[in-house]
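target17.cif follows; it contains mmCIF, C-alpha atoms.
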```
data_coords
#
loop_
_atom_site.group_PDB
_atom_site.id
_atom_site.type_symbol
_atom_site.label_atom_id
_atom_site.label_comp_id
_atom_site.auth_asym_id
_atom_site.auth_seq_id
_atom_site.Cartn_x
_atom_site.Cartn_y
_atom_site.Cartn_z
ATOM 1 C CA MET A 1 2.165 -7.345 -27.833
ATOM 2 C CA ARG A 2 0.925 -10.265 -29.935
ATOM 3 C CA ASN A 3 -0.445 -11.976 -26.839
ATOM 4 C CA VAL A 4 -2.142 -8.769 -25.670
ATOM 5 C CA LEU A 5 -3.838 -8.346 -29.061
ATOM 6 C CA LEU A 6 -4.979 -11.968 -28.986
ATOM 7 C CA ILE A 7 -6.516 -11.506 -25.545
ATOM 8 C CA ALA A 8 -8.186 -8.276 -26.712
ATOM 9 C CA LEU A 9 -9.810 -10.163 -29.600
ATOM 10 C CA MET A 10 -11.014 -12.822 -27.159
ATOM 11 C CA LEU A 11 -12.544 -10.107 -24.974
ATOM 12 C CA LEU A 12 -14.378 -8.655 -27.963
ATOM 13 C CA ALA A 13 -15.661 -12.113 -28.891
ATOM 14 C CA VAL A 14 -16.939 -12.753 -25.368
ATOM 15 C CA SER A 15 -18.680 -9.377 -25.258
ATOM 16 C CA GLY A 16 -20.312 -10.064 -28.608
ATOM 17 C CA PHE A 17 -21.787 -13.432 -27.606
ATOM 18 C CA ALA A 18 -22.595 -12.676 -23.982
ATOM 19 C CA GLN A 19 -26.308 -12.636 -23.204
ATOM 20 C CA LYS A 20 -25.730 -10.071 -20.475
ATOM 21 C CA PHE A 21 -22.609 -7.994 -20.972
ATOM 22 C CA GLU A 22 -20.817 -7.056 -17.729
ATOM 23 C CA TYR A 23 -17.495 -5.469 -16.878
ATOM 24 C CA ASP A 24 -15.265 -4.859 -13.851
ATOM 25 C CA VAL A 25 -12.517 -2.221 -13.600
ATOM 26 C CA LEU A 26 -10.090 -1.842 -10.700
ATOM 27 C CA PHE A 27 -7.384 0.775 -10.148
ATOM 28 C CA HIS A 28 -5.066 0.106 -7.200
ATOM 29 C CA GLY A 29 -2.627 2.860 -6.317
ATOM 30 C CA ILE A 30 0.293 1.535 -4.256
ATOM 31 C CA GLY A 31 2.675 3.453 -2.029
ATOM 32 C CA ASP A 32 4.721 1.306 0.348
ATOM 33 C CA ASN A 33 7.825 2.714 2.039
ATOM 34 C CA ARG A 34 9.689 0.328 4.354
ATOM 35 C CA GLU A 35 12.342 1.851 6.591
ATOM 36 C CA PHE A 36 13.749 -1.352 8.066
ATOM 37 C CA PHE A 37 17.138 -1.073 9.772
ATOM 38 C CA SER A 38 16.976 -4.114 12.039
ATOM 39 C CA GLY A 39 18.187 -6.377 9.241
ATOM 40 C CA LYS A 40 15.287 -8.796 9.756
ATOM 41 C CA ALA A 41 13.338 -7.734 6.636
ATOM 42 C CA GLU A 42 14.191 -6.000 3.376
ATOM 43 C CA SER A 43 14.119 -2.207 3.368
ATOM 44 C CA GLN A 44 12.543 -0.951 0.138
ATOM 45 C CA THR A 45 10.084 1.461 -1.456
ATOM 46 C CA ILE A 46 7.328 0.198 -3.744
ATOM 47 C CA LEU A 47 5.490 2.895 -5.681
ATOM 48 C CA GLY A 48 3.167 2.232 -8.581
ATOM 49 C CA GLU A 49 -0.319 1.252 -9.666
ATOM 50 C CA ARG A 50 -2.127 -1.853 -10.803
ATOM 51 C CA THR A 51 -4.949 -1.572 -13.317
ATOM 52 C CA SER A 52 -7.242 -4.535 -13.859
ATOM 53 C CA PHE A 53 -10.235 -4.972 -16.115
ATOM 54 C CA ALA A 54 -12.425 -7.914 -17.051
ATOM 55 C CA ILE A 55 -15.561 -8.497 -19.063
ATOM 56 C CA GLY A 56 -18.026 -11.364 -19.063
ATOM 57 C CA THR A 57 -21.535 -12.437 -18.286
ATOM 58 C CA THR A 58 -23.706 -13.981 -15.553
ATOM 59 C CA LEU A 59 -26.203 -16.782 -16.170
ATOM 60 C CA ASP A 60 -29.116 -17.630 -13.863
ATOM 61 C CA GLU A 61 -27.718 -15.164 -11.268
ATOM 62 C CA LYS A 62 -25.317 -17.882 -10.057
ATOM 63 C CA HIS A 63 -22.861 -18.691 -12.848
ATOM 64 C CA GLN A 64 -20.365 -15.954 -13.695
ATOM 65 C CA PHE A 65 -17.595 -15.893 -16.291
ATOM 66 C CA ARG A 66 -14.869 -13.248 -16.580
ATOM 67 C CA ILE A 67 -11.830 -12.693 -18.805
ATOM 68 C CA GLY A 68 -9.423 -9.758 -18.737
ATOM 69 C CA LEU A 69 -5.967 -8.440 -17.865
ATOM 70 C CA SER A 70 -4.192 -7.076 -14.788
ATOM 71 C CA HIS A 71 -1.012 -5.015 -15.118
ATOM 72 C CA LEU A 72 1.373 -3.561 -12.530
ATOM 73 C CA TYR A 73 3.318 -0.431 -13.478
ATOM 74 C CA GLU A 74 6.024 0.562 -11.020
ATOM 75 C CA PHE A 75 6.826 4.246 -11.327
ATOM 76 C CA GLY A 76 10.215 4.920 -12.912
ATOM 77 C CA SER A 77 10.304 1.594 -14.763
ATOM 78 C CA GLU A 78 9.570 0.634 -18.357
ATOM 79 C CA LEU A 79 5.988 -0.245 -19.218
ATOM 80 C CA ASP A 80 6.870 -3.856 -20.042
ATOM 81 C CA ASP A 81 9.074 -4.530 -16.998
ATOM 82 C CA GLN A 82 6.095 -6.307 -15.443
ATOM 83 C CA LYS A 83 4.189 -8.667 -17.706
ATOM 84 C CA PRO A 84 0.367 -8.378 -17.736
ATOM 85 C CA LYS A 85 -1.415 -11.101 -15.777
ATOM 86 C CA LEU A 86 -4.306 -12.940 -17.389
ATOM 87 C CA THR A 87 -7.616 -12.938 -15.497
ATOM 88 C CA ALA A 88 -9.983 -15.695 -16.652
ATOM 89 C CA TYR A 89 -12.295 -17.563 -14.318
ATOM 90 C CA TYR A 90 -15.633 -19.202 -13.620
ATOM 91 C CA HIS A 91 -17.472 -18.203 -10.425
ATOM 92 C CA TYR A 92 -20.491 -19.869 -8.829
ATOM 93 C CA GLU A 93 -22.329 -18.525 -5.778
ATOM 94 C CA ASP A 94 -25.528 -19.314 -3.904
ATOM 95 C CA LYS A 95 -26.656 -18.777 -0.298
ATOM 96 C CA GLN A 96 -24.311 -21.420 1.119
ATOM 97 C CA LYS A 97 -21.640 -22.204 -1.465
ATOM 98 C CA GLU A 98 -19.086 -20.226 -3.437
ATOM 99 C CA PHE A 99 -16.604 -21.574 -5.985
ATOM 100 C CA TYR A 100 -13.921 -20.102 -8.263
ATOM 101 C CA PHE A 101 -11.879 -21.860 -10.922
ATOM 102 C CA GLY A 102 -9.238 -20.194 -13.101
ATOM 103 C CA ALA A 103 -7.131 -17.081 -12.549
ATOM 104 C CA PHE A 104 -9.174 -14.835 -10.261
ATOM 105 C CA PRO A 105 -8.427 -11.744 -8.082
ATOM 106 C CA ARG A 106 -6.949 -12.285 -4.633
ATOM 107 C CA LEU A 107 -8.006 -8.840 -3.327
ATOM 108 C CA GLY A 108 -11.035 -9.066 -1.053
ATOM 109 C CA LEU A 109 -11.144 -12.868 -1.217
ATOM 110 C CA ILE A 110 -8.085 -14.129 0.684
ATOM 111 C CA ASP A 111 -7.393 -12.568 4.104
ATOM 112 C CA PHE A 112 -4.742 -14.449 6.088
ATOM 113 C CA PRO A 113 -2.487 -13.254 8.920
ATOM 114 C CA LEU A 114 0.707 -11.675 7.565
ATOM 115 C CA ALA A 115 2.672 -14.346 9.403
ATOM 116 C CA LEU A 116 1.338 -16.865 6.843
ATOM 117 C CA ILE A 117 0.913 -14.778 3.643
ATOM 118 C CA THR A 118 2.757 -11.484 3.296
ATOM 119 C CA ASP A 119 1.046 -8.398 1.852
ATOM 120 C CA THR A 120 3.333 -8.045 -1.208
ATOM 121 C CA PHE A 121 1.369 -10.893 -2.802
ATOM 122 C CA LEU A 122 -1.298 -8.271 -3.579
ATOM 123 C CA TYR A 123 1.274 -6.277 -5.551
ATOM 124 C CA TYR A 124 3.144 -8.937 -7.497
ATOM 125 C CA ARG A 125 0.792 -11.899 -7.575
ATOM 126 C CA PRO A 126 -2.698 -10.340 -7.673
ATOM 127 C CA ASN A 127 -4.484 -13.453 -8.926
ATOM 128 C CA ILE A 128 -4.889 -16.900 -7.482
ATOM 129 C CA GLU A 129 -4.327 -19.375 -10.290
ATOM 130 C CA GLY A 130 -6.196 -22.497 -9.383
ATOM 131 C CA LEU A 131 -9.397 -22.907 -7.406
ATOM 132 C CA TYR A 132 -11.225 -21.647 -4.324
ATOM 133 C CA GLY A 133 -14.238 -22.970 -2.456
ATOM 134 C CA LYS A 134 -16.259 -21.720 0.497
ATOM 135 C CA TYR A 135 -19.164 -23.175 2.455
ATOM 136 C CA SER A 136 -21.175 -21.001 4.857
ATOM 137 C CA TRP A 137 -23.820 -21.663 7.493
ATOM 138 C CA ASP A 138 -25.623 -19.595 10.130
ATOM 139 C CA TRP A 139 -22.764 -19.516 12.618
ATOM 140 C CA GLY A 140 -19.647 -19.799 10.489
ATOM 141 C CA HIS A 141 -17.843 -20.673 7.292
ATOM 142 C CA GLN A 142 -14.869 -22.647 5.980
ATOM 143 C CA ALA A 143 -12.884 -21.967 2.811
ATOM 144 C CA GLY A 144 -9.937 -23.439 0.951
ATOM 145 C CA PHE A 145 -7.824 -22.623 -2.076
ATOM 146 C CA VAL A 146 -5.023 -23.998 -4.249
ATOM 147 C CA ASP A 147 -2.680 -21.532 -5.966
ATOM 148 C CA TRP A 148 -0.605 -23.297 -8.630
ATOM 149 C CA THR A 149 2.529 -21.196 -9.086
ATOM 150 C CA SER A 150 4.711 -23.254 -11.434
ATOM 151 C CA ARG A 151 4.510 -26.494 -13.451
ATOM 152 C CA GLN A 152 7.555 -28.730 -13.486
ATOM 153 C CA THR A 153 9.648 -28.530 -16.669
ATOM 154 C CA GLU A 154 13.301 -29.144 -17.497
ATOM 155 C CA SER A 155 14.157 -25.642 -16.289
ATOM 156 C CA LYS A 156 11.337 -24.763 -13.845
ATOM 157 C CA ARG A 157 10.591 -26.215 -10.447
ATOM 158 C CA GLU A 158 7.081 -27.309 -9.512
ATOM 159 C CA THR A 159 5.565 -25.085 -6.820
ATOM 160 C CA PHE A 160 2.112 -24.595 -5.368
ATOM 161 C CA MET A 161 0.474 -23.157 -2.264
ATOM 162 C CA ALA A 162 -2.707 -24.375 -0.609
ATOM 163 C CA GLY A 163 -4.626 -22.788 2.228
ATOM 164 C CA PHE A 164 -7.653 -23.271 4.472
ATOM 165 C CA SER A 165 -9.413 -20.727 6.650
ATOM 166 C CA GLY A 166 -12.625 -20.352 8.569
ATOM 167 C CA GLU A 167 -14.525 -18.779 11.398
ATOM 168 C CA MET A 168 -17.170 -20.043 13.808
ATOM 169 C CA GLY A 169 -18.860 -18.209 16.620
ATOM 170 C CA THR A 170 -21.629 -16.096 18.090
ATOM 171 C CA ASP A 171 -22.150 -12.349 18.400
ATOM 172 C CA TYR A 172 -19.605 -12.218 21.236
ATOM 173 C CA ILE A 173 -17.084 -15.059 20.859
ATOM 174 C CA PHE A 174 -15.427 -16.483 17.736
ATOM 175 C CA PHE A 175 -12.887 -19.113 16.733
ATOM 176 C CA GLN A 176 -10.701 -18.691 13.624
ATOM 177 C CA ASN A 177 -8.398 -21.142 11.870
ATOM 178 C CA TYR A 178 -5.770 -20.551 9.163
ATOM 179 C CA ILE A 179 -3.536 -23.157 7.495
ATOM 180 C CA THR A 180 -1.100 -22.749 4.594
ATOM 181 C CA MET A 181 1.069 -25.318 2.856
ATOM 182 C CA PHE A 182 3.822 -24.586 0.329
ATOM 183 C CA HIS A 183 5.443 -27.302 -1.787
ATOM 184 C CA TYR A 184 8.676 -26.516 -3.621
ATOM 185 C CA ALA A 185 9.789 -29.432 -5.796
ATOM 186 C CA GLY A 186 12.618 -29.788 -8.312
ATOM 187 C CA THR A 187 12.945 -29.566 -12.068
ATOM 188 C CA ALA A 188 12.360 -32.540 -14.349
ATOM 189 C CA ASN A 189 16.137 -32.832 -14.835
ATOM 190 C CA ARG A 190 16.711 -33.213 -11.089
ATOM 191 C CA VAL A 191 19.803 -31.018 -11.085
ATOM 192 C CA GLU A 192 22.370 -31.792 -8.407
ATOM 193 C CA GLY A 193 21.827 -29.608 -5.372
ATOM 194 C CA GLU A 194 18.053 -29.286 -5.869
ATOM 195 C CA HIS A 195 16.011 -30.460 -2.926
ATOM 196 C CA ILE A 196 12.276 -30.643 -2.280
ATOM 197 C CA HIS A 197 11.059 -28.173 0.365
ATOM 198 C CA ASP A 198 7.954 -28.793 2.481
ATOM 199 C CA ASN A 199 6.460 -25.970 4.522
ATOM 200 C CA LEU A 200 3.360 -25.779 6.738
ATOM 201 C CA GLY A 201 2.005 -22.884 8.791
ATOM 202 C CA THR A 202 -0.995 -22.891 11.150
ATOM 203 C CA ALA A 203 -2.626 -20.142 13.216
ATOM 204 C CA LEU A 204 -5.597 -20.718 15.555
ATOM 205 C CA PHE A 205 -7.389 -17.866 17.352
ATOM 206 C CA LEU A 206 -10.016 -17.523 20.051
ATOM 207 C CA GLY A 207 -11.445 -14.016 20.193
ATOM 208 C CA THR A 208 -14.201 -11.750 21.402
ATOM 209 C CA ASN A 209 -16.023 -8.806 19.867
ATOM 210 C CA LEU A 210 -15.621 -5.643 21.940
ATOM 211 C CA ASP A 211 -18.217 -3.303 20.410
ATOM 212 C CA GLN A 212 -20.505 -3.655 23.424
ATOM 213 C CA PHE A 213 -17.711 -2.730 25.836
ATOM 214 C CA LEU A 214 -15.809 0.048 24.023
ATOM 215 C CA PRO A 215 -16.880 3.228 22.172
ATOM 216 C CA LEU A 216 -15.408 1.715 18.986
ATOM 217 C CA SER A 217 -16.778 -0.055 15.934
ATOM 218 C CA ASN A 218 -15.667 -3.441 14.556
ATOM 219 C CA ALA A 219 -13.507 -3.840 17.679
ATOM 220 C CA TYR A 220 -12.149 -7.225 18.692
ATOM 221 C CA PHE A 221 -9.366 -8.960 20.585
ATOM 222 C CA ARG A 222 -8.057 -12.365 19.645
ATOM 223 C CA LEU A 223 -5.432 -14.594 21.208
ATOM 224 C CA GLY A 224 -3.926 -17.508 19.369
ATOM 225 C CA TRP A 225 -1.273 -20.119 18.763
ATOM 226 C CA MET A 226 0.945 -20.390 15.695
ATOM 227 C CA HIS A 227 2.769 -23.516 14.604
ATOM 228 C CA SER A 228 5.084 -24.113 11.640
ATOM 229 C CA LYS A 229 6.976 -26.998 10.078
ATOM 230 C CA PHE A 230 9.812 -26.814 7.541
ATOM 231 C CA LYS A 231 11.936 -29.506 5.945
ATOM 232 C CA ILE A 232 14.402 -29.839 3.091
ATOM 233 C CA ARG A 233 14.242 -33.442 1.976
ATOM 234 C CA THR A 234 17.503 -35.440 1.875
ATOM 235 C CA VAL A 235 19.185 -32.588 3.793
ATOM 236 C CA MET A 236 17.198 -32.532 7.044
ATOM 237 C CA ASP A 237 16.280 -35.733 8.876
ATOM 238 C CA ASP A 238 13.298 -34.218 10.680
ATOM 239 C CA PHE A 239 10.997 -31.231 10.355
ATOM 240 C CA GLU A 240 12.128 -27.966 11.912
ATOM 241 C CA THR A 241 9.177 -26.901 14.092
ATOM 242 C CA ALA A 242 8.304 -23.689 15.916
ATOM 243 C CA ASN A 243 5.506 -22.543 18.222
ATOM 244 C CA SER A 244 4.513 -19.073 19.355
ATOM 245 C CA MET A 245 1.698 -16.998 20.784
ATOM 246 C CA LEU A 246 -0.162 -14.388 18.721
ATOM 247 C CA GLY A 247 -2.345 -11.639 20.160
ATOM 248 C CA GLU A 248 -4.165 -8.930 18.248
ATOM 249 C CA PHE A 249 -6.379 -5.937 19.053
ATOM 250 C CA TYR A 250 -8.334 -3.944 16.460
ATOM 251 C CA GLY A 251 -10.789 -1.067 16.710
ATOM 252 C CA GLU A 252 -12.201 1.794 14.622
ATOM 253 C CA LEU A 253 -13.212 5.322 15.598
ATOM 254 C CA LYS A 254 -14.757 7.360 12.785
ATOM 255 C CA SER A 255 -12.169 7.461 9.972
ATOM 256 C CA PHE A 256 -9.316 6.097 12.113
ATOM 257 C CA ALA A 257 -8.385 2.606 13.224
ATOM 258 C CA LEU A 258 -5.763 0.935 15.386
ATOM 259 C CA ARG A 259 -4.356 -2.571 14.981
ATOM 260 C CA SER A 260 -1.719 -3.999 17.320
ATOM 261 C CA THR A 261 -0.279 -7.502 16.902
ATOM 262 C CA LEU A 262 2.103 -9.234 19.305
ATOM 263 C CA HIS A 263 4.133 -12.364 18.444
ATOM 264 C CA MET A 264 6.051 -14.101 21.258
ATOM 265 C CA GLY A 265 7.753 -17.472 21.266
ATOM 266 C CA GLU A 266 9.872 -19.174 18.637
ATOM 267 C CA GLY A 267 10.700 -17.690 15.244
ATOM 268 C CA HIS A 268 9.053 -19.370 12.267
ATOM 269 C CA HIS A 269 10.136 -20.400 8.799
ATOM 270 C CA VAL A 270 7.060 -19.767 6.640
ATOM 271 C CA THR A 271 8.158 -19.329 3.028
ATOM 272 C CA ASN A 272 5.353 -16.981 1.980
ATOM 273 C CA GLY A 273 4.981 -15.197 5.319
ATOM 274 C CA ASP A 274 6.244 -11.836 6.546
ATOM 275 C CA ARG A 275 9.948 -12.068 7.434
ATOM 276 C CA PHE A 276 9.467 -10.310 10.787
ATOM 277 C CA TYR A 277 7.872 -13.503 12.113
ATOM 278 C CA ASP A 278 11.193 -15.311 11.638
ATOM 279 C CA VAL A 279 12.314 -13.766 14.950
ATOM 280 C CA ASP A 280 11.283 -14.853 18.444
ATOM 281 C CA ASN A 281 9.622 -11.618 19.565
ATOM 282 C CA TYR A 282 7.875 -9.081 17.343
ATOM 283 C CA TRP A 283 5.296 -6.363 18.013
ATOM 284 C CA ARG A 284 3.591 -4.449 15.211
ATOM 285 C CA THR A 285 1.220 -1.501 15.634
ATOM 286 C CA ASP A 286 -0.666 0.135 12.760
ATOM 287 C CA VAL A 287 -2.345 3.538 12.952
ATOM 288 C CA ILE A 288 -4.785 3.609 10.035
ATOM 289 C CA TRP A 289 -6.491 6.620 8.451
ATOM 290 C CA ARG A 290 -9.264 6.094 5.908
ATOM 291 C CA PHE A 291 -9.092 9.442 4.161
ATOM 292 C CA LEU A 292 -11.487 8.448 1.356
ATOM 293 C CA SER A 293 -14.549 6.265 1.599
ATOM 294 C CA SER A 294 -17.333 6.187 -0.974
ATOM 295 C CA LYS A 295 -19.199 3.734 -3.152
ATOM 296 C CA HIS A 296 -16.394 3.420 -5.703
ATOM 297 C CA VAL A 297 -13.273 4.814 -3.999
ATOM 298 C CA GLU A 298 -11.389 3.811 -0.850
ATOM 299 C CA GLY A 299 -8.223 5.563 0.299
ATOM 300 C CA ARG A 300 -6.192 4.368 3.276
ATOM 301 C CA PHE A 301 -2.929 5.398 4.911
ATOM 302 C CA ASN A 302 -1.078 3.171 7.400
ATOM 303 C CA LEU A 303 1.665 4.301 9.729
ATOM 304 C CA SER A 304 3.253 1.103 11.023
ATOM 305 C CA PHE A 305 5.726 0.590 13.852
ATOM 306 C CA HIS A 306 7.695 -2.652 14.109
ATOM 307 C CA LEU A 307 9.423 -3.514 17.382
ATOM 308 C CA VAL A 308 11.769 -6.360 16.421
ATOM 309 C CA GLU A 309 13.593 -7.840 19.419
ATOM 310 C CA GLY A 310 14.334 -4.365 20.772
ATOM 311 C CA ASP A 311 14.933 -2.616 17.417
ATOM 312 C CA LEU A 312 12.318 -0.162 16.132
ATOM 313 C CA ASP A 313 11.534 -0.164 12.389
ATOM 314 C CA GLN A 314 8.758 1.731 10.641
ATOM 315 C CA SER A 315 6.844 1.726 7.388
ATOM 316 C CA GLN A 316 4.134 3.728 5.672
ATOM 317 C CA GLN A 317 1.563 2.291 3.288
ATOM 318 C CA LEU A 318 -0.758 4.257 1.023
ATOM 319 C CA SER A 319 -3.529 2.406 -0.772
ATOM 320 C CA LEU A 320 -6.013 3.979 -3.174
ATOM 321 C CA ILE A 321 -8.604 1.631 -4.660
ATOM 322 C CA TYR A 322 -11.067 2.762 -7.313
ATOM 323 C CA ARG A 323 -13.448 0.151 -8.697
ATOM 324 C CA PHE A 324 -16.562 0.203 -10.799
ATOM 325 C CA GLY A 325 -18.477 -2.163 -13.043
ATOM 326 C CA SER A 326 -21.828 -3.381 -14.173
#
```
Since I need it in another form, could you write the structure as structure tokens?
Amino acid sequence: MRNVLLIALMLLAVSGFAQKFEYDVLFHGIGDNREFFSGKAESQTILGERTSFAIGTTLDEKHQFRIGLSHLYEFGSELDDQKPKLTAYYHYEDKQKEFYFGAFPRLGLIDFPLALITDTFLYYRPNIEGLYGKYSWDWGHQAGFVDWTSRQTESKRETFMAGFSGEMGTDYIFFQNYITMFHYAGTANRVEGEHIHDNLGTALFLGTNLDQFLPLSNAYFRLGWMHSKFKIRTVMDDFETANSMLGEFYGELKSFALRSTLHMGEGHHVTNGDRFYDVDNYWRTDVIWRFLSSKHVEGRFNLSFHLVEGDLDQSQQLSLIYRFGS
């Protein structure tokens, strides 16, 4: 409570000195029911809401500063079971460049295949704590980020994740690249049995836009290659590597959408990825219904089917996002 009051006083101070007072408010309703019986991923139900708010100012239409709080409340729990997350960042943007530094929202900024970064990061780690940069040109863009997750102490292990992504192409054909790296070091005491983990995941796609061929909007098909490396130092002599094929189709028709993703090849060990990609063959199909769509509110329901090496799992995701600001 003392820390919350201190942050509240800081927010009041910022609002008092800001030349142009601005605010952002986000409500994210979460309903995620996972009926997984194959034993390849954890079966669970996540039900709750995350409320985030930040205040700040913008200078010269390019330099933005924000400070605020983000809190997840899982229904049926105590209010303080999840600690509030601090949001505090500097943001610069012009026609070609974009840069963030601090603790800034992940939602709407980072969009990686689930094989590399699983979707529960949006629930439990809503902010990237580090930096992000993006450079754009007429026919593409490239971006990178560093998410510092833990500093090494006598009791805590040093961990961080870095990622790069981009897209290049024309109106009809595109190329996409995604790379993530996760480093899991030891504590300062170097306790016996602790080992440094190194993990790398890469996904490359070549795709085509299908709007001109199908009576759908935002339709595309992409085919790609995924590669991963994993090693526990002093335990494994060489990296454990895996390669597989990824194919994905997506299309929208009015308020409905269909996404189907096929993974075939070798199972991967990607620490922050979806566990279903640990298996050799996996096919996921999402039927999506956007039941609310307006300037400030977006509501979406996903019915997802997971075919995991012959076993059929299912899940349902409800997302309600309400945002407004100045």
Explicit residue set for the PyMOL selection byres ((chain A and resi 74) around 6), as a PyMOL selection string: chain A and resi 47-48+73+75+77
Output C-alpha atoms of each residue in that selection to a file, as a PDB file, in the frame of the given file.
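The resulting file, out.pdb, is reproduced below:
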```pdb
ATOM      1  CA  LEU A  47       5.490   2.895  -5.681  1.00  0.00           C
ATOM      2  CA  GLY A  48       3.167   2.232  -8.581  1.00  0.00           C
ATOM      3  CA  TYR A  73       3.318  -0.431 -13.478  1.00  0.00           C
ATOM      4  CA  PHE A  75       6.826   4.246 -11.327  1.00  0.00           C
ATOM      5  CA  SER A  77      10.304   1.594 -14.763  1.00  0.00           C
TER       6      SER A  77
END
```
Smallest atom-to-atom distance to A:Ile55: which of A:Gly325, A:Asn209, A:His263, A:Ser70, using all atoms listed in the file? A:Gly325
Excluding stretch 141-154 of chain A and residues on its chain fewer than 3 positions from it, collect all residues at most 8 Å away from it, counting all atoms listed in the file, and give them as a ChimeraX atom specification. /A:128-137,157-168,186-189
Go through the shown structure with the PyMOL selection byres ((chain A and resi 262) around 9) and write out the matching residues as an MDAnalysis selection string. chainID A and resid 245:248 260:261 263:264 281:285
What residues come out when you apply the PyMOL selection byres ((chain A and resi 68) around 10) to this file, written as a list in words?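 Expected selection for the PyMOL selection byres ((chain A and resi 68) around 10) here is Ile7, Ala8, Met10, Leu11, Tyr23, Asp24, Val25, Ser52, Phe53, Ala54, Ile55, Gly56, Arg66, Ile67, Leu69, Ser70, Pro84, Lys85, Leu86, Thr87, Ala88, Tyr89, Ala103 and Phe104 of chain A.
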Pick from A:Ile288, A:Val279, A:Val270, A:Ala203, whichever lies nearest to A:Val308 using all atoms listed in the file: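 When distances to A:Val308 are compared using all atoms listed in the file, the smallest one comes from A:Val279.
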Name the residues, using the chain letters and numbers of the file, that sit within 10 Å of (-22.8, -19.5, -2.6) when counting only C-alpha atoms, and give them as a PyMOL selection string. chain A and resi 62+91-99+133-136
Got a sec: who's within 12 Å of A:His195, counting only C-alpha atoms, leaving out chain neighbours fewer than 5 positions off, as an NGL selection string? :A and (157-158 or 183-187 or 190 or 231-236)
